[in-house]
file upload07.pdb (PDB, C-alpha atoms and all ligand atoms)
MODEL        1
ATOM      1  CA  MET A   1       0.000   0.000   0.000
ATOM      2  CA  ASN A   2       1.202   3.450  -0.898
ATOM      3  CA  GLN A   3       0.378   5.498   2.193
ATOM      4  CA  VAL A   4       0.831   9.241   1.648
ATOM      5  CA  PRO A   5      -0.721  12.222   3.366
ATOM      6  CA  ALA A   6      -3.499  13.979   1.496
ATOM      7  CA  ALA A   7      -4.458  17.643   1.271
ATOM      8  CA  LEU A   8      -7.474  19.418  -0.154
ATOM      9  CA  THR A   9      -7.661  22.821  -1.797
ATOM     10  CA  ILE A  10     -10.954  24.698  -2.030
ATOM     11  CA  ALA A  11     -10.326  27.448  -4.564
ATOM     12  CA  GLY A  12     -10.796  29.012  -7.970
ATOM     13  CA  THR A  13      -9.101  27.994 -11.199
ATOM     14  CA  ASP A  14      -6.421  29.411 -13.479
ATOM     15  CA  PRO A  15      -6.467  27.913 -16.978
ATOM     16  CA  SER A  16      -2.991  29.345 -17.592
ATOM     17  CA  GLY A  17      -1.736  27.077 -14.811
ATOM     18  CA  GLY A  18       0.089  29.529 -12.548
ATOM     19  CA  ALA A  19      -2.327  30.295  -9.711
ATOM     20  CA  GLY A  20      -5.399  28.927  -7.962
ATOM     21  CA  VAL A  21      -6.235  25.226  -7.923
ATOM     22  CA  GLN A  22      -3.704  24.431 -10.618
ATOM     23  CA  ALA A  23      -0.825  25.908  -8.598
ATOM     24  CA  ASP A  24      -2.058  24.170  -5.459
ATOM     25  CA  LEU A  25      -2.213  20.721  -7.050
ATOM     26  CA  LYS A  26       1.222  21.094  -8.633
ATOM     27  CA  THR A  27       2.595  22.075  -5.230
ATOM     28  CA  PHE A  28       0.927  19.181  -3.393
ATOM     29  CA  GLN A  29       2.280  16.729  -5.955
ATOM     30  CA  GLU A  30       5.816  18.110  -5.709
ATOM     31  CA  LEU A  31       5.724  17.770  -1.936
ATOM     32  CA  LYS A  32       4.559  14.160  -2.022
ATOM     33  CA  THR A  33       1.071  14.945  -0.788
ATOM     34  CA  TYR A  34      -1.955  13.410  -2.492
ATOM     35  CA  GLY A  35      -3.758  16.469  -3.837
ATOM     36  CA  MET A  36      -7.515  16.988  -4.109
ATOM     37  CA  SER A  37      -9.503  20.036  -5.207
ATOM     38  CA  VAL A  38     -12.952  21.543  -4.847
ATOM     39  CA  ILE A  39     -13.600  24.251  -7.439
ATOM     40  CA  THR A  40     -15.391  27.356  -6.181
ATOM     41  CA  SER A  41     -15.105  29.555  -9.277
ATOM     42  CA  VAL A  42     -13.940  29.049 -12.824
ATOM     43  CA  VAL A  43     -11.761  32.020 -13.692
ATOM     44  CA  ALA A  44     -10.704  33.050 -17.174
ATOM     45  CA  GLN A  45      -7.255  34.453 -16.474
ATOM     46  CA  ASN A  46      -3.665  34.327 -17.626
ATOM     47  CA  THR A  47      -0.358  36.003 -16.856
ATOM     48  CA  THR A  48      -1.717  39.388 -17.951
ATOM     49  CA  GLY A  49      -4.770  39.430 -15.691
ATOM     50  CA  VAL A  50      -8.307  38.235 -15.128
ATOM     51  CA  GLN A  51     -10.692  38.299 -18.078
ATOM     52  CA  ASP A  52     -13.822  36.780 -16.538
ATOM     53  CA  ALA A  53     -15.106  34.590 -13.714
ATOM     54  CA  GLU A  54     -18.080  32.333 -13.175
ATOM     55  CA  HIS A  55     -18.900  31.047  -9.731
ATOM     56  CA  MET A  56     -20.007  27.494  -9.042
ATOM     57  CA  SER A  57     -23.460  27.119  -7.527
ATOM     58  CA  VAL A  58     -23.695  26.637  -3.776
ATOM     59  CA  PRO A  59     -25.235  23.133  -4.103
ATOM     60  CA  MET A  60     -22.416  22.079  -6.446
ATOM     61  CA  ILE A  61     -19.740  23.360  -4.073
ATOM     62  CA  LYS A  62     -21.376  21.488  -1.211
ATOM     63  CA  GLN A  63     -21.646  18.356  -3.349
ATOM     64  CA  GLN A  64     -17.964  18.472  -4.256
ATOM     65  CA  LEU A  65     -17.016  18.906  -0.615
ATOM     66  CA  GLY A  66     -19.323  16.066   0.359
ATOM     67  CA  SER A  67     -17.790  13.794  -2.287
ATOM     68  CA  VAL A  68     -14.280  14.317  -0.975
ATOM     69  CA  ILE A  69     -15.006  14.436   2.743
ATOM     70  CA  SER A  70     -17.137  11.273   2.676
ATOM     71  CA  ASP A  71     -14.493   9.264   0.853
ATOM     72  CA  ILE A  72     -10.874  10.211   1.395
ATOM     73  CA  PRO A  73      -9.243  11.285   4.668
ATOM     74  CA  PHE A  74      -6.914  14.266   4.444
ATOM     75  CA  GLN A  75      -4.481  15.786   6.914
ATOM     76  CA  ALA A  76      -4.684  19.469   5.904
ATOM     77  CA  PHE A  77      -6.799  21.721   3.722
ATOM     78  CA  LYS A  78      -6.604  25.238   2.357
ATOM     79  CA  THR A  79      -8.980  27.753   0.886
ATOM     80  CA  GLY A  80      -8.153  30.254  -1.830
ATOM     81  CA  MET A  81     -10.712  32.233  -3.808
ATOM     82  CA  LEU A  82     -14.093  32.268  -2.040
ATOM     83  CA  ALA A  83     -15.898  34.854  -4.134
ATOM     84  CA  ASN A  84     -18.930  35.800  -2.073
ATOM     85  CA  ILE A  85     -20.822  35.309   1.183
ATOM     86  CA  GLU A  86     -22.917  32.416  -0.177
ATOM     87  CA  ILE A  87     -19.807  30.460  -1.152
ATOM     88  CA  MET A  88     -18.070  31.244   2.143
ATOM     89  CA  ASP A  89     -21.154  30.121   4.010
ATOM     90  CA  ALA A  90     -21.348  26.834   2.083
ATOM     91  CA  VAL A  91     -17.700  26.100   2.751
ATOM     92  CA  ALA A  92     -18.028  27.055   6.422
ATOM     93  CA  GLU A  93     -20.973  24.686   6.824
ATOM     94  CA  LYS A  94     -19.136  21.752   5.265
ATOM     95  CA  ILE A  95     -15.813  22.220   7.054
ATOM     96  CA  SER A  96     -17.193  23.010  10.488
ATOM     97  CA  GLY A  97     -16.592  20.073  12.767
ATOM     98  CA  LEU A  98     -13.605  18.809  10.775
ATOM     99  CA  ASP A  99     -10.673  18.343  13.111
ATOM    100  CA  ILE A 100      -8.125  19.007  10.355
ATOM    101  CA  PRO A 101      -5.768  22.010  10.119
ATOM    102  CA  TYR A 102      -7.274  24.749   7.933
ATOM    103  CA  ILE A 103      -4.884  27.101   6.115
ATOM    104  CA  MET A 104      -6.617  30.129   4.643
ATOM    105  CA  ASP A 105      -5.112  32.202   1.844
ATOM    106  CA  PRO A 106      -7.520  35.157   2.104
ATOM    107  CA  VAL A 107      -7.452  35.840  -1.634
ATOM    108  CA  MET A 108      -8.869  39.268  -2.367
ATOM    109  CA  VAL A 109      -6.893  40.922  -5.141
ATOM    110  CA  THR A 110      -4.583  39.184  -7.650
ATOM    111  CA  THR A 111      -0.985  40.176  -8.315
ATOM    112  CA  SER A 112      -2.318  41.806 -11.494
ATOM    113  CA  GLY A 113      -4.692  43.963  -9.426
ATOM    114  CA  HIS A 114      -8.026  42.232 -10.045
ATOM    115  CA  THR A 115     -10.529  41.893  -7.231
ATOM    116  CA  LEU A 116     -11.610  38.291  -6.724
ATOM    117  CA  ILE A 117     -14.084  38.620  -3.866
ATOM    118  CA  ALA A 118     -17.206  40.672  -3.329
ATOM    119  CA  GLU A 119     -16.680  43.726  -1.133
ATOM    120  CA  ASP A 120     -19.428  42.767   1.319
ATOM    121  CA  SER A 121     -17.936  39.309   1.953
ATOM    122  CA  ARG A 122     -14.821  40.642   3.672
ATOM    123  CA  ALA A 123     -16.612  41.102   6.971
ATOM    124  CA  TYR A 124     -18.075  37.602   6.718
ATOM    125  CA  LEU A 125     -14.620  36.141   6.131
ATOM    126  CA  ARG A 126     -13.275  37.986   9.144
ATOM    127  CA  LYS A 127     -16.109  37.050  11.481
ATOM    128  CA  ASN A 128     -17.034  33.520  10.403
ATOM    129  CA  LEU A 129     -14.052  31.927   8.684
ATOM    130  CA  LEU A 130     -11.015  33.345  10.475
ATOM    131  CA  PRO A 131     -11.884  31.685  13.801
ATOM    132  CA  MET A 132     -11.917  28.284  12.053
ATOM    133  CA  THR A 133      -8.364  28.577  10.754
ATOM    134  CA  ALA A 134      -5.140  27.029  11.978
ATOM    135  CA  LEU A 135      -3.359  29.695   9.920
ATOM    136  CA  VAL A 136      -4.260  32.664   7.717
ATOM    137  CA  THR A 137      -1.721  34.024   5.204
ATOM    138  CA  PRO A 138      -2.604  37.610   4.194
ATOM    139  CA  ASN A 139      -0.359  39.864   2.129
ATOM    140  CA  ILE A 140      -0.100  43.521   3.130
ATOM    141  CA  LEU A 141      -3.265  44.627   1.385
ATOM    142  CA  GLU A 142      -5.287  41.724   2.773
ATOM    143  CA  THR A 143      -3.848  42.408   6.226
ATOM    144  CA  GLU A 144      -5.040  46.010   5.987
ATOM    145  CA  VAL A 145      -8.522  44.854   4.976
ATOM    146  CA  ILE A 146      -8.716  42.382   7.857
ATOM    147  CA  THR A 147      -7.392  44.690  10.569
ATOM    148  CA  GLY A 148      -8.567  48.046   9.243
ATOM    149  CA  GLU A 149      -5.091  49.447   9.978
ATOM    150  CA  THR A 150      -2.557  50.825   7.515
ATOM    151  CA  ILE A 151       0.672  48.805   7.232
ATOM    152  CA  LYS A 152       3.820  50.812   6.585
ATOM    153  CA  THR A 153       6.612  49.160   8.557
ATOM    154  CA  PRO A 154       7.737  45.675   9.657
ATOM    155  CA  GLU A 155       6.540  46.609  13.150
ATOM    156  CA  ASP A 156       3.063  47.268  11.734
ATOM    157  CA  MET A 157       3.125  43.795  10.159
ATOM    158  CA  GLN A 158       4.076  42.168  13.461
ATOM    159  CA  GLN A 159       1.382  44.071  15.315
ATOM    160  CA  ALA A 160      -1.202  43.060  12.717
ATOM    161  CA  ALA A 161      -0.246  39.381  12.950
ATOM    162  CA  LYS A 162      -0.902  39.505  16.699
ATOM    163  CA  GLN A 163      -4.149  41.394  16.223
ATOM    164  CA  ILE A 164      -5.447  38.839  13.684
ATOM    165  CA  VAL A 165      -4.916  36.078  16.254
ATOM    166  CA  HIS A 166      -6.024  37.860  19.411
ATOM    167  CA  GLN A 167      -8.834  40.032  18.068
ATOM    168  CA  PHE A 168     -10.153  37.997  15.136
ATOM    169  CA  GLY A 169      -9.524  34.500  16.436
ATOM    170  CA  ALA A 170      -7.291  32.990  13.734
ATOM    171  CA  GLY A 171      -5.180  30.089  15.007
ATOM    172  CA  ALA A 172      -2.061  31.809  13.675
ATOM    173  CA  ALA A 173      -1.284  34.587  11.201
ATOM    174  CA  LEU A 174       1.449  34.827   8.579
ATOM    175  CA  VAL A 175       1.676  38.402   7.305
ATOM    176  CA  LYS A 176       3.581  38.393   4.010
ATOM    177  CA  GLY A 177       5.728  41.256   2.889
ATOM    178  CA  GLY A 178       6.642  40.414  -0.682
ATOM    179  CA  HIS A 179       6.235  44.078  -1.513
ATOM    180  CA  MET A 180       8.081  45.566   1.449
ATOM    181  CA  ALA A 181      11.457  47.105   0.584
ATOM    182  CA  ASP A 182      14.591  45.082  -0.197
ATOM    183  CA  GLU A 183      13.748  41.941   1.660
ATOM    184  CA  ALA A 184      10.866  39.510   1.263
ATOM    185  CA  VAL A 185      10.066  39.303   4.962
ATOM    186  CA  ASP A 186       7.085  37.482   6.453
ATOM    187  CA  PHE A 187       6.033  37.403  10.117
ATOM    188  CA  LEU A 188       4.296  34.441  11.712
ATOM    189  CA  TYR A 189       2.508  34.840  15.018
ATOM    190  CA  ASP A 190       1.378  31.474  16.349
ATOM    191  CA  GLY A 191      -0.384  32.724  19.458
ATOM    192  CA  GLU A 192       2.769  32.542  21.555
ATOM    193  CA  LYS A 193       5.768  33.676  19.573
ATOM    194  CA  LEU A 194       6.647  35.842  16.617
ATOM    195  CA  HIS A 195       8.752  34.137  13.967
ATOM    196  CA  THR A 196      10.498  35.997  11.152
ATOM    197  CA  PHE A 197      11.105  34.489   7.724
ATOM    198  CA  SER A 198      13.237  36.642   5.529
ATOM    199  CA  THR A 199      14.875  36.166   2.148
ATOM    200  CA  GLU A 200      16.468  38.403  -0.434
ATOM    201  CA  ARG A 201      13.991  40.035  -2.765
ATOM    202  CA  ILE A 202      14.301  38.420  -6.194
ATOM    203  CA  ASP A 203      14.234  40.909  -9.024
ATOM    204  CA  THR A 204      11.475  39.448 -11.170
ATOM    205  CA  THR A 205       7.946  40.204 -12.274
ATOM    206  CA  ASN A 206       7.168  36.473 -12.415
ATOM    207  CA  THR A 207       5.092  36.355  -9.242
ATOM    208  CA  HIS A 208       1.780  35.118 -10.598
ATOM    209  CA  GLY A 209       0.454  32.597  -8.088
ATOM    210  CA  THR A 210       3.049  33.093  -5.357
ATOM    211  CA  GLY A 211       0.456  33.334  -2.584
ATOM    212  CA  CYS A 212      -1.354  30.219  -3.802
ATOM    213  CA  THR A 213       1.838  28.186  -4.078
ATOM    214  CA  TYR A 214       3.123  29.346  -0.683
ATOM    215  CA  SER A 215      -0.063  28.473   1.206
ATOM    216  CA  ALA A 216      -0.351  25.144  -0.640
ATOM    217  CA  ALA A 217       3.228  24.316   0.351
ATOM    218  CA  ILE A 218       2.415  25.128   3.976
ATOM    219  CA  ALA A 219      -0.647  22.856   3.789
ATOM    220  CA  ALA A 220       1.455  20.085   2.239
ATOM    221  CA  TYR A 221       4.088  20.284   4.970
ATOM    222  CA  VAL A 222       1.371  20.366   7.634
ATOM    223  CA  SER A 223      -0.156  17.243   6.052
ATOM    224  CA  HIS A 224       3.218  15.560   6.560
ATOM    225  CA  GLY A 225       3.018  16.379  10.259
ATOM    226  CA  TYR A 226       5.236  19.472  10.497
ATOM    227  CA  LYS A 227       4.222  21.974  13.157
ATOM    228  CA  LEU A 228       3.547  25.526  12.028
ATOM    229  CA  PRO A 229       6.852  27.358  12.347
ATOM    230  CA  ASP A 230       8.691  24.470  10.633
ATOM    231  CA  ALA A 231       6.040  24.063   7.943
ATOM    232  CA  VAL A 232       6.237  27.788   7.157
ATOM    233  CA  ARG A 233      10.050  27.813   7.159
ATOM    234  CA  LYS A 234      10.140  24.945   4.687
ATOM    235  CA  ALA A 235       7.380  26.471   2.559
ATOM    236  CA  LYS A 236       9.277  29.775   2.481
ATOM    237  CA  ASP A 237      12.319  27.957   1.049
ATOM    238  CA  PHE A 238      10.007  26.248  -1.441
ATOM    239  CA  ILE A 239       8.353  29.488  -2.666
ATOM    240  CA  THR A 240      11.668  31.367  -2.795
ATOM    241  CA  ALA A 241      13.156  28.665  -5.027
ATOM    242  CA  ALA A 242       9.950  28.660  -7.095
ATOM    243  CA  ILE A 243      10.247  32.434  -7.651
ATOM    244  CA  ARG A 244      13.977  32.253  -8.355
ATOM    245  CA  HIS A 245      13.414  29.623 -11.063
ATOM    246  CA  SER A 246      10.104  31.034 -12.267
ATOM    247  CA  PHE A 247       8.918  30.611 -15.833
ATOM    248  CA  SER A 248       9.063  33.442 -18.322
ATOM    249  CA  VAL A 249       5.960  32.251 -20.124
ATOM    250  CA  GLY A 250       3.087  34.455 -21.200
ATOM    251  CA  GLN A 251       3.028  38.157 -21.860
ATOM    252  CA  GLY A 252       2.532  39.350 -18.307
ATOM    253  CA  SER A 253       3.624  38.320 -14.834
ATOM    254  CA  GLY A 254       4.924  34.763 -15.274
ATOM    255  CA  PRO A 255       4.204  31.822 -12.979
ATOM    256  CA  THR A 256       6.424  30.273 -10.338
ATOM    257  CA  ASN A 257       8.179  26.952 -10.759
ATOM    258  CA  GLN A 258       6.952  24.300  -8.350
ATOM    259  CA  TRP A 259       9.749  21.879  -9.214
ATOM    260  CA  ALA A 260      12.473  24.422  -8.364
ATOM    261  CA  HIS A 261      12.938  22.812  -4.952
ATOM    262  CA  ARG A 262      14.469  19.856  -6.803
ATOM    263  CA  ILE A 263      16.994  22.161  -8.468
ATOM    264  CA  GLU A 264      17.859  23.807  -5.144
ATOM    265  CA  ARG A 265      17.397  20.623  -3.110
ATOM    266  CA  VAL A 266      14.919  22.172  -0.648
ATOM    267  CA  LYS A 267      14.084  19.195   1.559
TER
HETATM  268  N1  LIG B   1      10.154  39.225  -5.572
HETATM  269  C1  LIG B   1      10.153  38.372  -4.553
HETATM  270  N2  LIG B   1      11.301  37.816  -4.124
HETATM  271  C2  LIG B   1      11.333  36.941  -3.096
HETATM  272  N3  LIG B   1      10.228  36.579  -2.421
HETATM  273  C3  LIG B   1       9.050  37.108  -2.793
HETATM  274  C4  LIG B   1       8.945  38.027  -3.879
HETATM  275  N4  LIG B   1       7.626  38.354  -4.026
HETATM  276  C5  LIG B   1       6.962  37.672  -3.089
HETATM  277  N5  LIG B   1       7.798  36.931  -2.331
HETATM  278  C6  LIG B   1       7.467  36.050  -1.233
HETATM  279  O1  LIG B   1       6.619  35.055  -1.749
HETATM  280  C7  LIG B   1       5.706  34.631  -0.763
HETATM  281  C8  LIG B   1       4.307  34.730  -1.283
HETATM  282  O2  LIG B   1       4.015  36.087  -1.463
HETATM  283  P1  LIG B   1       2.562  36.606  -1.847
HETATM  284  O3  LIG B   1       2.524  36.851  -3.306
HETATM  285  O4  LIG B   1       1.561  35.794  -1.242
HETATM  286  O5  LIG B   1       2.519  37.910  -1.055
HETATM  287  P2  LIG B   1       2.967  39.279  -1.475
HETATM  288  O6  LIG B   1       4.092  39.180  -2.458
HETATM  289  O7  LIG B   1       3.217  39.964  -0.198
HETATM  290  O8  LIG B   1       1.650  39.859  -2.173
HETATM  291  P3  LIG B   1       0.903  39.563  -3.593
HETATM  292  O9  LIG B   1      -0.098  38.457  -3.364
HETATM  293  O10 LIG B   1       0.245  40.843  -3.892
HETATM  294  O11 LIG B   1       1.918  39.174  -4.630
HETATM  295  C9  LIG B   1       6.007  35.494   0.456
HETATM  296  O12 LIG B   1       6.912  34.791   1.275
HETATM  297  C10 LIG B   1       6.684  36.708  -0.113
HETATM  298  O13 LIG B   1       7.528  37.298   0.845
HETATM  299  C1  LIG B   2      -8.217  31.535  -8.840
HETATM  300  C2  LIG B   2      -7.158  32.415  -8.286
HETATM  301  N1  LIG B   2      -6.905  32.395  -6.967
HETATM  302  C3  LIG B   2      -5.953  33.194  -6.456
HETATM  303  C4  LIG B   2      -5.215  34.032  -7.263
HETATM  304  C5  LIG B   2      -4.166  34.922  -6.661
HETATM  305  O1  LIG B   2      -2.940  34.784  -7.261
HETATM  306  P1  LIG B   2      -1.655  35.620  -6.776
HETATM  307  O2  LIG B   2      -0.935  34.753  -5.795
HETATM  308  O3  LIG B   2      -0.868  35.838  -8.030
HETATM  309  O4  LIG B   2      -2.124  36.898  -6.173
HETATM  310  C6  LIG B   2      -5.498  34.023  -8.644
HETATM  311  N2  LIG B   2      -4.823  34.789  -9.509
HETATM  312  N3  LIG B   2      -6.477  33.197  -9.128
ENDMDL
END

call {"tool": "encode", "arguments": {"input": "upload07.pdb", "output": "structure tokens", "more": "lines below"}}
Ligand SMILES: Nc1ncnc2c1ncn2[C@@H]1O[C@H](COP(=O)(O)OP(=O)(O)OP(=O)(O)O)[C@@H](O)[C@H]1O
Ligand SMILES: Cc1ncc(COP(=O)(O)O)c(N)n1
result
Amino acid sequence: MNQVPAALTIAGTDPSGGAGVQADLKTFQELKTYGMSVITSVVAQNTTGVQDAEHMSVPMIKQQLGSVISDIPFQAFKTGMLANIEIMDAVAEKISGLDIPYIMDPVMVTTSGHTLIAEDSRAYLRKNLLPMTALVTPNILETEVITGETIKTPEDMQQAAKQIVHQFGAGAALVKGGHMADEAVDFLYDGEKLHTFSTERIDTTNTHGTGCTYSAAIAAYVSHGYKLPDAVRKAKDFITAAIRHSFSVGQGSGPTNQWAHRIERVK
């Protein structure tokens, strides 16, 4: 018997293969995790941006979740694009009661600047979904939306990570600073300690799908049994390699390379 951990992504699609469910499944596979996916929205997008999106019906999302949950055990799951309150509510209903670590990538705006969730669903996400998470992974903009505070400095990021845990009830918060100054520095607050993960900033515009790949890598490592700070540290190495060896395909912001960890021997 081939026993491997399994992970589930609940997210939107990217037919150009760089973000969303496609990035998540590639990442799970690379990290020796059996990958499964529930599609919430079908998005027409590519490296240049988002052209259109169609959301799956609530019954269909619930059916997909039911199909997976009733059949195959998994050791971690993540959410990406949850476009509106109805979809968030459907997902919340199906995952409540699962005793499995939940990693939320609170997808709001893409790297190319397109809004992926309805304005009025932000409050729902904060109030109803955040308390269910083991970890939430907002970038600066998403952090500002969640906390209502402006982020200018690394200290602001650290403060926000604590606030997201203590005030909004997330299990842990990883505030990502891909756009802050010279370094790509992220802060993890796990309810007890602040951890810093910092790498050099790679000079590239190929960052399509970085958030998706990073959170999927964290979920994969968690499915293998790593505790949060270690899972994030390993995922940070994975995403940094993936950005460093990213693909210059397409006419816009290219995708990351999920097999780069093999080139750099990230374990
Ligand atoms: N140019 C870069 N060089 C190195 N690391 C980067 C770079 N851009 C992003 N990262 C890192 O990649 C990971 C994923 O970043 P992610 O894209 O989710 O957040 P972000 O870059 O802060 O925001 P955005 O979603 O708007 O791109 C984070 O660890 C971030 O620090
Ligand atoms: C379906 C979907 N989900 C999420 C993203 C965010 O991607 P990025 O990490 O580039 O901001 C995306 N472009 N498409």

call {"tool": "closest_residue", "arguments": {"input": "upload07.pdb", "among": "A:Phe74, A:Phe197, A:Phe187, A:Tyr214", "to": "ligand LIG 2 (chain B)", "atoms": "all atoms listed in the file"}}
result
A:Tyr214

call {"tool": "residues_near_ligand", "arguments": {"input": "upload07.pdb", "ligand": "ligand LIG 2 (chain B)", "cutoff": "7 Å", "atoms": "all atoms listed in the file", "output": "PyMOL selection string"}}
result
chain A and resi 11-14+19-21+43+80-81+107+109-111+207-212

call {"tool": "resolve_selection", "arguments": {"input": "upload07.pdb", "expression": "the PyMOL selection byres (((not hetatm)) within 6 of (chain B and resi 1))", "output": "tab-separated table (two decimals) with C-alpha atoms, in the coordinates of the input"}}
result
chain	number	residue	atom	x	y	z
A	111	THR	CA	-0.98	40.18	-8.32
A	139	ASN	CA	-0.36	39.86	2.13
A	140	ILE	CA	-0.10	43.52	3.13
A	176	LYS	CA	3.58	38.39	4.01
A	177	GLY	CA	5.73	41.26	2.89
A	178	GLY	CA	6.64	40.41	-0.68
A	179	HIS	CA	6.24	44.08	-1.51
A	184	ALA	CA	10.87	39.51	1.26
A	185	VAL	CA	10.07	39.30	4.96
A	186	ASP	CA	7.08	37.48	6.45
A	200	GLU	CA	16.47	38.40	-0.43
A	201	ARG	CA	13.99	40.03	-2.76
A	202	ILE	CA	14.30	38.42	-6.19
A	203	ASP	CA	14.23	40.91	-9.02
A	204	THR	CA	11.48	39.45	-11.17
A	210	THR	CA	3.05	33.09	-5.36
A	211	GLY	CA	0.46	33.33	-2.58
A	214	TYR	CA	3.12	29.35	-0.68
A	236	LYS	CA	9.28	29.78	2.48
A	239	ILE	CA	8.35	29.49	-2.67
A	240	THR	CA	11.67	31.37	-2.80

call {"tool": "resolve_selection", "arguments": {"input": "upload07.pdb", "expression": "the PyMOL selection byres (((chain A and resi 225) around 12) and not hetatm)", "output": "list in words"}}
result
Val4, Pro5, Ala6, Ala7, Thr33, Phe74, Gln75, Ala76, Ile100, Pro101, Ile218, Ala219, Ala220, Tyr221, Val222, Ser223, His224, Tyr226, Lys227, Leu228, Pro229, Asp230 and Ala231 of chain A

call {"tool": "atom_distance", "arguments": {"input": "upload07.pdb", "atom1": "CA of Asn84 (chain A)", "atom2": "CA of Phe28 (chain A)"}}
result
25.9 Å

call {"tool": "atom_distance", "arguments": {"input": "upload07.pdb", "atom1": "CA of Ile117 (chain A)", "atom2": "CA of Thr79 (chain A)"}}
result
12.9 Å

call {"tool": "resolve_selection", "arguments": {"input": "upload07.pdb", "expression": "the PyMOL selection byres (((chain A and resi 90) around 12) and not hetatm)", "output": "mmCIF file with C-alpha atoms, in the frame of the given file"}}
result
data_model
loop_
_atom_site.group_PDB
_atom_site.id
_atom_site.type_symbol
_atom_site.label_atom_id
_atom_site.label_comp_id
_atom_site.auth_asym_id
_atom_site.auth_seq_id
_atom_site.Cartn_x
_atom_site.Cartn_y
_atom_site.Cartn_z
ATOM 1 C CA ILE A 10 -10.954 24.698 -2.030
ATOM 2 C CA THR A 40 -15.391 27.356 -6.181
ATOM 3 C CA MET A 56 -20.007 27.494 -9.042
ATOM 4 C CA SER A 57 -23.460 27.119 -7.527
ATOM 5 C CA VAL A 58 -23.695 26.637 -3.776
ATOM 6 C CA PRO A 59 -25.235 23.133 -4.103
ATOM 7 C CA MET A 60 -22.416 22.079 -6.446
ATOM 8 C CA ILE A 61 -19.740 23.360 -4.073
ATOM 9 C CA LYS A 62 -21.376 21.488 -1.211
ATOM 10 C CA GLN A 63 -21.646 18.356 -3.349
ATOM 11 C CA GLN A 64 -17.964 18.472 -4.256
ATOM 12 C CA LEU A 65 -17.016 18.906 -0.615
ATOM 13 C CA GLY A 66 -19.323 16.066 0.359
ATOM 14 C CA LEU A 82 -14.093 32.268 -2.040
ATOM 15 C CA ALA A 83 -15.898 34.854 -4.134
ATOM 16 C CA ASN A 84 -18.930 35.800 -2.073
ATOM 17 C CA ILE A 85 -20.822 35.309 1.183
ATOM 18 C CA GLU A 86 -22.917 32.416 -0.177
ATOM 19 C CA ILE A 87 -19.807 30.460 -1.152
ATOM 20 C CA MET A 88 -18.070 31.244 2.143
ATOM 21 C CA ASP A 89 -21.154 30.121 4.010
ATOM 22 C CA VAL A 91 -17.700 26.100 2.751
ATOM 23 C CA ALA A 92 -18.028 27.055 6.422
ATOM 24 C CA GLU A 93 -20.973 24.686 6.824
ATOM 25 C CA LYS A 94 -19.136 21.752 5.265
ATOM 26 C CA ILE A 95 -15.813 22.220 7.054
ATOM 27 C CA SER A 96 -17.193 23.010 10.488
ATOM 28 C CA ASN A 128 -17.034 33.520 10.403
ATOM 29 C CA LEU A 129 -14.052 31.927 8.684
#

call {"tool": "atom_distance", "arguments": {"input": "upload07.pdb", "atom1": "CA of His245 (chain A)", "atom2": "CA of Glu264 (chain A)"}}
result
9.4 Å

call {"tool": "residues_around", "arguments": {"input": "upload07.pdb", "residues": "Asp190 (chain A)", "least_positions_apart": "4", "cutoff": "8 Å", "atoms": "all atoms listed in the file", "output": "list in words"}}
result
Val165, Gly171, Ala172, Ala173, Leu194, Leu228 and Pro229 of chain A

call {"tool": "closest_residue", "arguments": {"input": "upload07.pdb", "among": "A:Thr205, A:Lys234, A:Lys162, A:Thr147", "to": "Phe247 (chain A)", "atoms": "only C-alpha atoms"}}
result
A:Thr205

call {"tool": "residues_around", "arguments": {"input": "upload07.pdb", "residues": "Gly148 (chain A)", "least_positions_apart": "2", "cutoff": "12 Å", "atoms": "all atoms listed in the file", "output": "ChimeraX atom specification"}}
result
/A:122-123,126,140-146,150-151,156,160,163-164,167-168

call {"tool": "write_last_selection", "arguments": {"input": "upload07.pdb", "atoms": "C-alpha atoms", "output": "PDB file, in the frame of the given file"}}
result
ATOM      1  CA  ARG A 122     -14.821  40.642   3.672  1.00  0.00           C
ATOM      2  CA  ALA A 123     -16.612  41.102   6.971  1.00  0.00           C
ATOM      3  CA  ARG A 126     -13.275  37.986   9.144  1.00  0.00           C
ATOM      4  CA  ILE A 140      -0.100  43.521   3.130  1.00  0.00           C
ATOM      5  CA  LEU A 141      -3.265  44.627   1.385  1.00  0.00           C
ATOM      6  CA  GLU A 142      -5.287  41.724   2.773  1.00  0.00           C
ATOM      7  CA  THR A 143      -3.848  42.408   6.226  1.00  0.00           C
ATOM      8  CA  GLU A 144      -5.040  46.010   5.987  1.00  0.00           C
ATOM      9  CA  VAL A 145      -8.522  44.854   4.976  1.00  0.00           C
ATOM     10  CA  ILE A 146      -8.716  42.382   7.857  1.00  0.00           C
ATOM     11  CA  THR A 150      -2.557  50.825   7.515  1.00  0.00           C
ATOM     12  CA  ILE A 151       0.672  48.805   7.232  1.00  0.00           C
ATOM     13  CA  ASP A 156       3.063  47.268  11.734  1.00  0.00           C
ATOM     14  CA  ALA A 160      -1.202  43.060  12.717  1.00  0.00           C
ATOM     15  CA  GLN A 163      -4.149  41.394  16.223  1.00  0.00           C
ATOM     16  CA  ILE A 164      -5.447  38.839  13.684  1.00  0.00           C
ATOM     17  CA  GLN A 167      -8.834  40.032  18.068  1.00  0.00           C
ATOM     18  CA  PHE A 168     -10.153  37.997  15.136  1.00  0.00           C
TER      19      PHE A 168
END

call {"tool": "closest_residue", "arguments": {"input": "upload07.pdb", "among": "A:Ala161, A:Met108, A:Ile69, A:Ala23", "to": "Ser121 (chain A)", "atoms": "all atoms listed in the file"}}
result
A:Met108

call {"tool": "closest_residue", "arguments": {"input": "upload07.pdb", "among": "A:Thr153, A:Thr137, A:Asn257, A:Thr115", "to": "Asp52 (chain A)", "atoms": "only C-alpha atoms"}}
result
A:Thr115
